[in-house]
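Student: Please find query-v6.cif (mmCIF, C-alpha atoms and all ligand atoms) on the next line:
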```cif
data_start
#
loop_
_atom_site.group_PDB
_atom_site.id
_atom_site.type_symbol
_atom_site.label_atom_id
_atom_site.label_comp_id
_atom_site.auth_asym_id
_atom_site.auth_seq_id
_atom_site.Cartn_x
_atom_site.Cartn_y
_atom_site.Cartn_z
ATOM 1 C CA MET U 1 155.025 95.870 124.657
ATOM 2 C CA THR U 2 151.807 94.847 122.994
ATOM 3 C CA ARG U 3 150.673 91.397 124.109
ATOM 4 C CA VAL U 4 149.435 89.302 121.175
ATOM 5 C CA VAL U 5 147.134 86.314 121.679
ATOM 6 C CA ILE U 6 146.452 84.091 118.667
ATOM 7 C CA ALA U 7 143.244 82.166 119.254
ATOM 8 C CA ARG U 8 141.892 79.164 117.359
ATOM 9 C CA ASP U 9 138.891 81.143 116.103
ATOM 10 C CA ALA U 10 136.587 84.074 116.860
ATOM 11 C CA VAL U 11 134.670 82.127 119.510
ATOM 12 C CA GLU U 12 137.801 81.331 121.518
ATOM 13 C CA ALA U 13 138.975 84.928 121.044
ATOM 14 C CA GLY U 14 135.612 86.173 122.339
ATOM 15 C CA ASP U 15 136.046 84.043 125.436
ATOM 16 C CA VAL U 16 139.576 85.320 126.108
ATOM 17 C CA ALA U 17 138.269 88.881 125.827
ATOM 18 C CA GLY U 18 135.096 88.123 127.825
ATOM 19 C CA ASP U 19 137.267 86.776 130.629
ATOM 20 C CA ARG U 20 139.267 89.995 130.803
ATOM 21 C CA LEU U 21 136.128 92.180 130.620
ATOM 22 C CA ALA U 22 134.590 90.239 133.511
ATOM 23 C CA GLU U 23 137.785 90.722 135.562
ATOM 24 C CA VAL U 24 137.734 94.462 134.918
ATOM 25 C CA VAL U 25 134.034 94.718 135.823
ATOM 26 C CA ARG U 26 134.634 92.834 139.082
ATOM 27 C CA ALA U 27 137.666 94.971 139.944
ATOM 28 C CA HIS U 28 135.816 98.307 140.012
ATOM 29 C CA ARG U 29 132.929 99.592 142.087
ATOM 30 C CA ARG U 30 131.731 101.604 139.060
ATOM 31 C CA PRO U 31 133.288 99.953 136.008
ATOM 32 C CA VAL U 32 133.393 101.896 132.751
ATOM 33 C CA LEU U 33 133.916 99.997 129.486
ATOM 34 C CA GLY U 34 134.532 101.360 126.006
ATOM 35 C CA PHE U 35 132.403 99.468 123.489
ATOM 36 C CA ALA U 36 133.114 98.898 119.787
ATOM 37 C CA THR U 37 130.559 98.116 117.072
ATOM 38 C CA GLY U 38 130.904 96.180 113.809
ATOM 39 C CA SER U 39 131.070 92.425 113.298
ATOM 40 C CA THR U 40 134.221 91.788 115.318
ATOM 41 C CA PRO U 41 133.111 92.210 118.948
ATOM 42 C CA THR U 42 129.951 90.081 118.708
ATOM 43 C CA THR U 43 131.584 86.943 120.187
ATOM 44 C CA VAL U 44 132.962 89.085 123.023
ATOM 45 C CA TYR U 45 129.505 90.398 123.913
ATOM 46 C CA ARG U 46 128.055 86.878 123.743
ATOM 47 C CA SER U 47 130.748 85.625 126.085
ATOM 48 C CA LEU U 48 130.146 88.452 128.562
ATOM 49 C CA ALA U 49 126.342 88.002 128.399
ATOM 50 C CA ARG U 50 126.755 84.299 129.210
ATOM 51 C CA ARG U 51 128.877 85.174 132.255
ATOM 52 C CA VAL U 52 126.172 87.606 133.388
ATOM 53 C CA ARG U 53 123.421 84.966 132.974
ATOM 54 C CA GLU U 54 125.465 82.404 134.876
ATOM 55 C CA GLY U 55 126.055 84.826 137.751
ATOM 56 C CA GLU U 56 129.824 84.984 137.188
ATOM 57 C CA VAL U 57 129.766 88.767 136.950
ATOM 58 C CA ASP U 58 127.341 91.482 138.084
ATOM 59 C CA VAL U 59 126.934 94.377 135.655
ATOM 60 C CA ALA U 60 124.445 96.440 137.690
ATOM 61 C CA ALA U 61 126.996 99.255 138.169
ATOM 62 C CA LEU U 62 128.485 99.000 134.653
ATOM 63 C CA SER U 63 128.381 101.965 132.319
ATOM 64 C CA GLY U 64 130.142 102.633 129.056
ATOM 65 C CA PHE U 65 130.878 104.692 125.984
ATOM 66 C CA ALA U 66 130.716 103.705 122.327
ATOM 67 C CA LEU U 67 133.563 104.654 120.010
ATOM 68 C CA ASP U 68 131.643 106.248 117.181
ATOM 69 C CA GLU U 69 128.398 106.936 115.338
ATOM 70 C CA TYR U 70 127.298 107.753 111.810
ATOM 71 C CA VAL U 71 126.169 111.301 111.117
ATOM 72 C CA GLY U 72 122.728 111.817 109.654
ATOM 73 C CA LEU U 73 120.906 108.503 110.086
ATOM 74 C CA PRO U 74 117.353 108.986 111.361
ATOM 75 C CA ALA U 75 116.790 108.198 115.053
ATOM 76 C CA GLY U 76 116.106 104.489 115.507
ATOM 77 C CA HIS U 77 117.729 103.478 112.179
ATOM 78 C CA PRO U 78 118.689 99.805 112.692
ATOM 79 C CA GLU U 79 122.281 100.401 111.522
ATOM 80 C CA SER U 80 122.891 103.462 113.672
ATOM 81 C CA TYR U 81 125.472 102.553 116.302
ATOM 82 C CA ARG U 82 122.950 103.611 118.961
ATOM 83 C CA SER U 83 120.703 100.774 117.725
ATOM 84 C CA VAL U 84 123.617 98.340 117.360
ATOM 85 C CA ILE U 85 124.843 99.027 120.909
ATOM 86 C CA ASP U 86 121.306 98.578 122.279
ATOM 87 C CA ARG U 87 120.918 95.289 120.382
ATOM 88 C CA ASP U 88 124.388 93.817 120.981
ATOM 89 C CA VAL U 89 125.269 95.196 124.426
ATOM 90 C CA VAL U 90 122.521 96.905 126.439
ATOM 91 C CA GLU U 91 119.774 94.314 125.927
ATOM 92 C CA PRO U 92 121.825 91.073 126.187
ATOM 93 C CA LEU U 93 123.655 92.312 129.291
ATOM 94 C CA GLY U 94 120.463 93.682 130.835
ATOM 95 C CA LEU U 95 121.950 97.156 131.363
ATOM 96 C CA ARG U 96 119.715 100.055 132.317
ATOM 97 C CA PRO U 97 118.746 102.362 129.425
ATOM 98 C CA GLY U 98 121.278 105.187 129.293
ATOM 99 C CA ALA U 99 124.087 103.064 130.773
ATOM 100 C CA VAL U 100 125.996 103.236 127.475
ATOM 101 C CA LEU U 101 126.452 106.594 125.774
ATOM 102 C CA VAL U 102 126.906 106.800 122.004
ATOM 103 C CA PRO U 103 128.067 109.989 120.231
ATOM 104 C CA ASP U 104 125.116 111.996 118.916
ATOM 105 C CA GLY U 105 125.257 111.881 115.125
ATOM 106 C CA SER U 106 121.910 113.560 114.592
ATOM 107 C CA ALA U 107 122.635 116.759 116.459
ATOM 108 C CA SER U 108 122.595 119.907 114.381
ATOM 109 C CA ARG U 109 125.488 121.026 116.587
ATOM 110 C CA THR U 110 127.527 117.855 116.053
ATOM 111 C CA ASP U 111 130.924 119.518 116.708
ATOM 112 C CA GLU U 112 129.809 120.791 120.081
ATOM 113 C CA ALA U 113 128.199 117.436 120.918
ATOM 114 C CA ALA U 114 131.528 115.758 120.066
ATOM 115 C CA ARG U 115 133.397 117.962 122.549
ATOM 116 C CA GLU U 116 130.758 117.270 125.178
ATOM 117 C CA TYR U 117 131.271 113.536 124.600
ATOM 118 C CA ASP U 118 134.966 113.813 125.527
ATOM 119 C CA ASP U 119 133.920 115.797 128.612
ATOM 120 C CA ALA U 120 131.415 113.085 129.580
ATOM 121 C CA ILE U 121 134.133 110.408 129.377
ATOM 122 C CA ARG U 122 136.368 112.468 131.652
ATOM 123 C CA ALA U 123 133.478 113.211 134.036
ATOM 124 C CA ALA U 124 132.865 109.456 134.351
ATOM 125 C CA GLY U 125 136.493 109.083 135.468
ATOM 126 C CA GLY U 126 137.684 107.649 132.162
ATOM 127 C CA VAL U 127 137.382 104.239 130.536
ATOM 128 C CA HIS U 128 138.838 101.216 132.370
ATOM 129 C CA LEU U 129 139.007 99.002 129.302
ATOM 130 C CA GLN U 130 138.450 100.000 125.667
ATOM 131 C CA LEU U 131 137.479 97.344 123.114
ATOM 132 C CA LEU U 132 138.663 98.021 119.570
ATOM 133 C CA GLY U 133 138.214 96.474 116.148
ATOM 134 C CA ILE U 134 140.380 97.538 113.224
ATOM 135 C CA GLY U 135 139.350 98.416 109.676
ATOM 136 C CA SER U 136 141.019 96.755 106.710
ATOM 137 C CA ASN U 137 142.555 100.201 106.082
ATOM 138 C CA GLY U 138 143.965 100.356 109.634
ATOM 139 C CA HIS U 139 141.354 102.650 111.167
ATOM 140 C CA ILE U 140 140.318 102.342 114.817
ATOM 141 C CA GLY U 141 137.027 103.904 115.799
ATOM 142 C CA PHE U 142 136.429 105.822 112.587
ATOM 143 C CA ASN U 143 139.871 107.465 112.663
ATOM 144 C CA GLU U 144 140.777 107.013 109.031
ATOM 145 C CA PRO U 145 144.364 107.014 107.671
ATOM 146 C CA GLY U 146 145.763 110.518 108.065
ATOM 147 C CA SER U 147 144.095 111.143 111.433
ATOM 148 C CA SER U 148 146.093 113.064 114.008
ATOM 149 C CA LEU U 149 147.543 110.773 116.655
ATOM 150 C CA ALA U 150 146.471 113.327 119.293
ATOM 151 C CA SER U 151 142.920 113.822 117.977
ATOM 152 C CA ARG U 152 139.847 114.181 120.205
ATOM 153 C CA THR U 153 136.224 113.213 119.538
ATOM 154 C CA ARG U 154 135.138 115.035 116.372
ATOM 155 C CA VAL U 155 133.263 114.843 113.078
ATOM 156 C CA LYS U 156 135.142 113.058 110.285
ATOM 157 C CA ARG U 157 134.511 112.140 106.669
ATOM 158 C CA LEU U 158 134.467 108.368 106.067
ATOM 159 C CA SER U 159 136.966 107.042 103.527
ATOM 160 C CA ALA U 160 135.750 105.349 100.340
ATOM 161 C CA ALA U 161 137.301 102.089 101.628
ATOM 162 C CA THR U 162 135.304 102.207 104.890
ATOM 163 C CA ARG U 163 132.053 103.074 103.136
ATOM 164 C CA ALA U 164 132.599 100.109 100.783
ATOM 165 C CA ASP U 165 133.426 97.789 103.738
ATOM 166 C CA ASN U 166 130.276 98.874 105.591
ATOM 167 C CA ALA U 167 127.954 98.790 102.562
ATOM 168 C CA ARG U 168 127.044 95.213 103.592
ATOM 169 C CA PHE U 169 124.959 96.665 106.423
ATOM 170 C CA PHE U 170 122.902 98.881 104.070
ATOM 171 C CA ASP U 171 120.772 98.284 100.968
ATOM 172 C CA ARG U 172 123.078 100.283 98.693
ATOM 173 C CA LEU U 173 126.505 101.927 98.889
ATOM 174 C CA ASP U 174 124.776 105.297 98.469
ATOM 175 C CA ASP U 175 122.888 104.707 101.717
ATOM 176 C CA VAL U 176 126.127 104.518 103.759
ATOM 177 C CA PRO U 177 126.579 107.854 105.512
ATOM 178 C CA THR U 178 129.492 110.005 104.368
ATOM 179 C CA HIS U 179 130.400 111.343 107.826
ATOM 180 C CA CYS U 180 130.732 110.107 111.382
ATOM 181 C CA VAL U 181 131.487 111.291 114.892
ATOM 182 C CA THR U 182 134.376 109.322 116.372
ATOM 183 C CA GLN U 183 136.438 109.322 119.521
ATOM 184 C CA GLY U 184 139.866 110.614 118.568
ATOM 185 C CA LEU U 185 143.083 108.630 118.788
ATOM 186 C CA GLY U 186 144.131 110.818 121.740
ATOM 187 C CA THR U 187 140.805 110.059 123.442
ATOM 188 C CA ILE U 188 141.203 106.302 122.894
ATOM 189 C CA LEU U 189 144.768 106.354 124.273
ATOM 190 C CA GLU U 190 143.468 107.730 127.596
ATOM 191 C CA ALA U 191 141.675 104.460 128.415
ATOM 192 C CA GLU U 192 143.504 102.493 131.127
ATOM 193 C CA GLU U 193 143.721 99.387 128.983
ATOM 194 C CA LEU U 194 143.109 98.545 125.305
ATOM 195 C CA LEU U 195 141.874 95.272 123.880
ATOM 196 C CA LEU U 196 141.980 95.098 120.082
ATOM 197 C CA LEU U 197 140.420 92.181 118.221
ATOM 198 C CA ALA U 198 140.623 91.239 114.549
ATOM 199 C CA PHE U 199 139.481 88.220 112.591
ATOM 200 C CA GLY U 200 140.081 87.009 109.067
ATOM 201 C CA GLU U 201 142.765 87.425 106.423
ATOM 202 C CA SER U 202 141.201 90.668 105.188
ATOM 203 C CA LYS U 203 142.543 92.234 108.415
ATOM 204 C CA ALA U 204 146.010 90.630 108.306
ATOM 205 C CA ALA U 205 147.833 93.533 106.629
ATOM 206 C CA ALA U 206 146.231 96.143 108.919
ATOM 207 C CA VAL U 207 147.069 94.042 111.991
ATOM 208 C CA ALA U 208 150.719 93.614 110.943
ATOM 209 C CA ALA U 209 151.010 97.373 110.316
ATOM 210 C CA ALA U 210 149.335 98.228 113.638
ATOM 211 C CA VAL U 211 151.349 95.814 115.776
ATOM 212 C CA GLU U 212 154.742 95.741 114.037
ATOM 213 C CA GLY U 213 154.863 98.691 111.655
ATOM 214 C CA PRO U 214 156.009 102.234 112.373
ATOM 215 C CA VAL U 215 153.709 104.385 114.514
ATOM 216 C CA SER U 216 152.134 106.549 111.864
ATOM 217 C CA SER U 217 148.885 108.265 110.958
ATOM 218 C CA GLY U 218 149.060 106.142 107.779
ATOM 219 C CA CYS U 219 147.884 103.267 109.980
ATOM 220 C CA PRO U 220 145.879 104.832 112.833
ATOM 221 C CA GLY U 221 145.756 101.471 114.636
ATOM 222 C CA SER U 222 149.525 101.733 115.157
ATOM 223 C CA VAL U 223 148.880 104.209 118.017
ATOM 224 C CA ILE U 224 148.272 101.175 120.221
ATOM 225 C CA GLN U 225 152.083 100.869 120.344
ATOM 226 C CA LEU U 226 152.125 104.094 122.394
ATOM 227 C CA HIS U 227 149.876 102.603 125.087
ATOM 228 C CA PRO U 228 151.420 100.756 128.043
ATOM 229 C CA ARG U 229 148.672 98.173 128.428
ATOM 230 C CA VAL U 230 147.426 96.570 125.210
ATOM 231 C CA THR U 231 146.268 93.073 124.300
ATOM 232 C CA VAL U 232 145.651 92.149 120.658
ATOM 233 C CA ILE U 233 143.477 89.055 120.197
ATOM 234 C CA LEU U 234 143.473 87.498 116.718
ATOM 235 C CA ASP U 235 142.301 84.423 114.895
ATOM 236 C CA GLN U 236 144.679 82.530 112.610
ATOM 237 C CA GLY U 237 143.779 84.549 109.492
ATOM 238 C CA ALA U 238 144.262 87.968 111.078
ATOM 239 C CA ALA U 239 147.619 86.821 112.524
ATOM 240 C CA SER U 240 148.879 85.433 109.208
ATOM 241 C CA ARG U 241 151.051 88.410 108.202
ATOM 242 C CA LEU U 242 152.759 89.029 111.534
ATOM 243 C CA ALA U 243 156.528 88.732 111.144
ATOM 244 C CA HIS U 244 157.013 87.693 114.791
ATOM 245 C CA ARG U 245 154.103 85.299 115.087
ATOM 246 C CA GLU U 246 156.220 82.431 116.473
ATOM 247 C CA TYR U 247 157.492 84.687 119.222
ATOM 248 C CA TYR U 248 153.968 85.662 120.342
ATOM 249 C CA GLU U 249 152.838 82.036 120.305
ATOM 250 C CA ALA U 250 155.872 80.894 122.296
ATOM 251 C CA GLU U 251 155.279 83.670 124.813
ATOM 252 C CA ARG U 252 151.700 82.570 125.312
ATOM 253 C CA VAL U 253 152.657 78.935 125.872
ATOM 254 C CA GLY U 254 155.448 79.941 128.233
ATOM 255 C CA ARG U 255 153.287 82.233 130.345
HETATM 256 P P1 LIG L 1 134.278 95.056 111.632
HETATM 257 O O1 LIG L 1 134.771 96.557 111.621
HETATM 258 O O2 LIG L 1 134.346 94.592 113.053
HETATM 259 O O3 LIG L 1 132.855 95.091 111.143
HETATM 260 O O4 LIG L 1 135.195 94.281 110.739
HETATM 261 C C1 LIG L 1 135.895 96.916 112.355
HETATM 262 C C2 LIG L 1 136.197 98.381 112.104
HETATM 263 O O5 LIG L 1 135.892 98.874 111.008
HETATM 264 O O6 LIG L 1 136.770 99.019 112.991
#
```
Represent the structure of the file as structure tokens.
Tutor:
Amino acid sequence: MTRVVIARDAVEAGDVAGDRLAEVVRAHRRPVLGFATGSTPTTVYRSLARRVREGEVDVAALSGFALDEYVGLPAGHPESYRSVIDRDVVEPLGLRPGAVLVPDGSASRTDEAAREYDDAIRAAGGVHLQLLGIGSNGHIGFNEPGSSLASRTRVKRLSAATRADNARFFDRLDDVPTHCVTQGLGTILEAEELLLLAFGESKAAAVAAAVEGPVSSGCPGSVIQLHPRVTVILDQGAASRLAHREYYEAERVGR
């Protein structure tokens, strides 16, 4: 069953997640993490970076894979997920350049590059822990509603809802790319462990559908229910529409 942790706020949630990431890094000779972009994981990366600075965890052997990338942004664009991963993960953790791969959204042969990305994940031995955010429409990675539950890394069109949500990172809605390369739901499910975070009431409906609704391509995040090892870490707002909230809270206290 999905374990649900309801934190006081995003900072506490980031610490709960950072703790687990540090454990996973320490447990493997060559740890492989799956990194998410967007606003949600920033407190997680801050928490992990603090543990690295304080000598609590050594990330010299850490490598990783990002979930997704926009198609068509020029190399070095500040909102490309390559740039975001460098800024939020590679630099603060002091990882070597190339330690974290991001799907290639500029390649003229994007479909082939997407298949090669899946191969690279397998060649690395798979992902030990995959971080996930969730879109207000239920997407994980950029697997929009309607995505096949068995899908692999591939090129997808972004939904109007996602482009509107992400317009805050660009000057104008028209500047938001129309397509992306994203790990598929089948790819994500192959990670050994999933850690999904969500903050704020704007995510509450998607979280309730993902955790308690039917498993359905209508809410791609609901595939987490098919995975044997999942932790969902929420703040109060994101947890506000869960029908079984009291049960999750009691379970946490009783642990
Ligand atoms: P956010 O995006 O973290 O910026 O809210 C999450 C997502 O769209 O998956």
Student: If the limit is 8 Å from any atom of ligand LIG 1 (chain L), counting all atoms listed in the file, which residues qualify? Return them as a list in words.
Tutor: Ala36, Thr37, Gly38, Ser39, Thr40, Pro41, Leu132, Gly133, Ile134, Gly135, Ser136, His139, Ile140, Gly141, Phe142, Thr162, Asp165, Asn166, Ala198, Phe199 and Lys203 of chain U
Student: List every residue of range 82-108 of chain U that has an atom at most 9 Å from any atom of range 42-56 of chain U, and for each one report the closest atom pair and its distance in Å to one decimal, counting only C-alpha atoms, with rows sorted by chain and then by increasing residue number, as JSON lines.
Tutor:
```
{"residue": "U:Asp88", "atom": "CA", "partner": "U:Tyr45", "partner_atom": "CA", "distance": 6.8}
{"residue": "U:Val89", "atom": "CA", "partner": "U:Tyr45", "partner_atom": "CA", "distance": 6.4}
{"residue": "U:Pro92", "atom": "CA", "partner": "U:Ala49", "partner_atom": "CA", "distance": 5.9}
{"residue": "U:Leu93", "atom": "CA", "partner": "U:Ala49", "partner_atom": "CA", "distance": 5.2}
{"residue": "U:Gly94", "atom": "CA", "partner": "U:Ala49", "partner_atom": "CA", "distance": 8.5}
```
Student: Write out as an MDAnalysis selection string each polymer residue whose atoms come within 7 Å of range 229-241 of chain U, counting only C-alpha atoms; drop sequence neighbours fewer than 2 positions from it.
Tutor: chainID U and resid 2:10 13 193:201 203:205 207:208 224 227 243
Student: Pick out the residues sitting within 6 Å of range 178-191 of chain U, and hand them over as a list in words; count only C-alpha atoms, and ignore anything fewer than 2 positions along from it in its own chain.
Tutor: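 Residues near the query, excluding close chain neighbours: Leu67, Asp68, Glu69, Tyr70, Val71, Val127, His128, Phe142, Leu149, Ala150, Ser151, Arg152, Thr153, Arg154, Val155, Lys156, Arg157, Leu158 and Glu193 of chain U.
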Student: Return as AutoDock Vina command-line options the centre and edge lengths, in Å with one decimal, of the box along x, y and z that encloses every atom of range 229-244 of chain U in the file, padded by 6 Å per side.
Tutor:
```
--center_x 149.7 --center_y 90.4 --center_z 118.3 --size_x 26.7 --size_y 27.6 --size_z 32.2
```
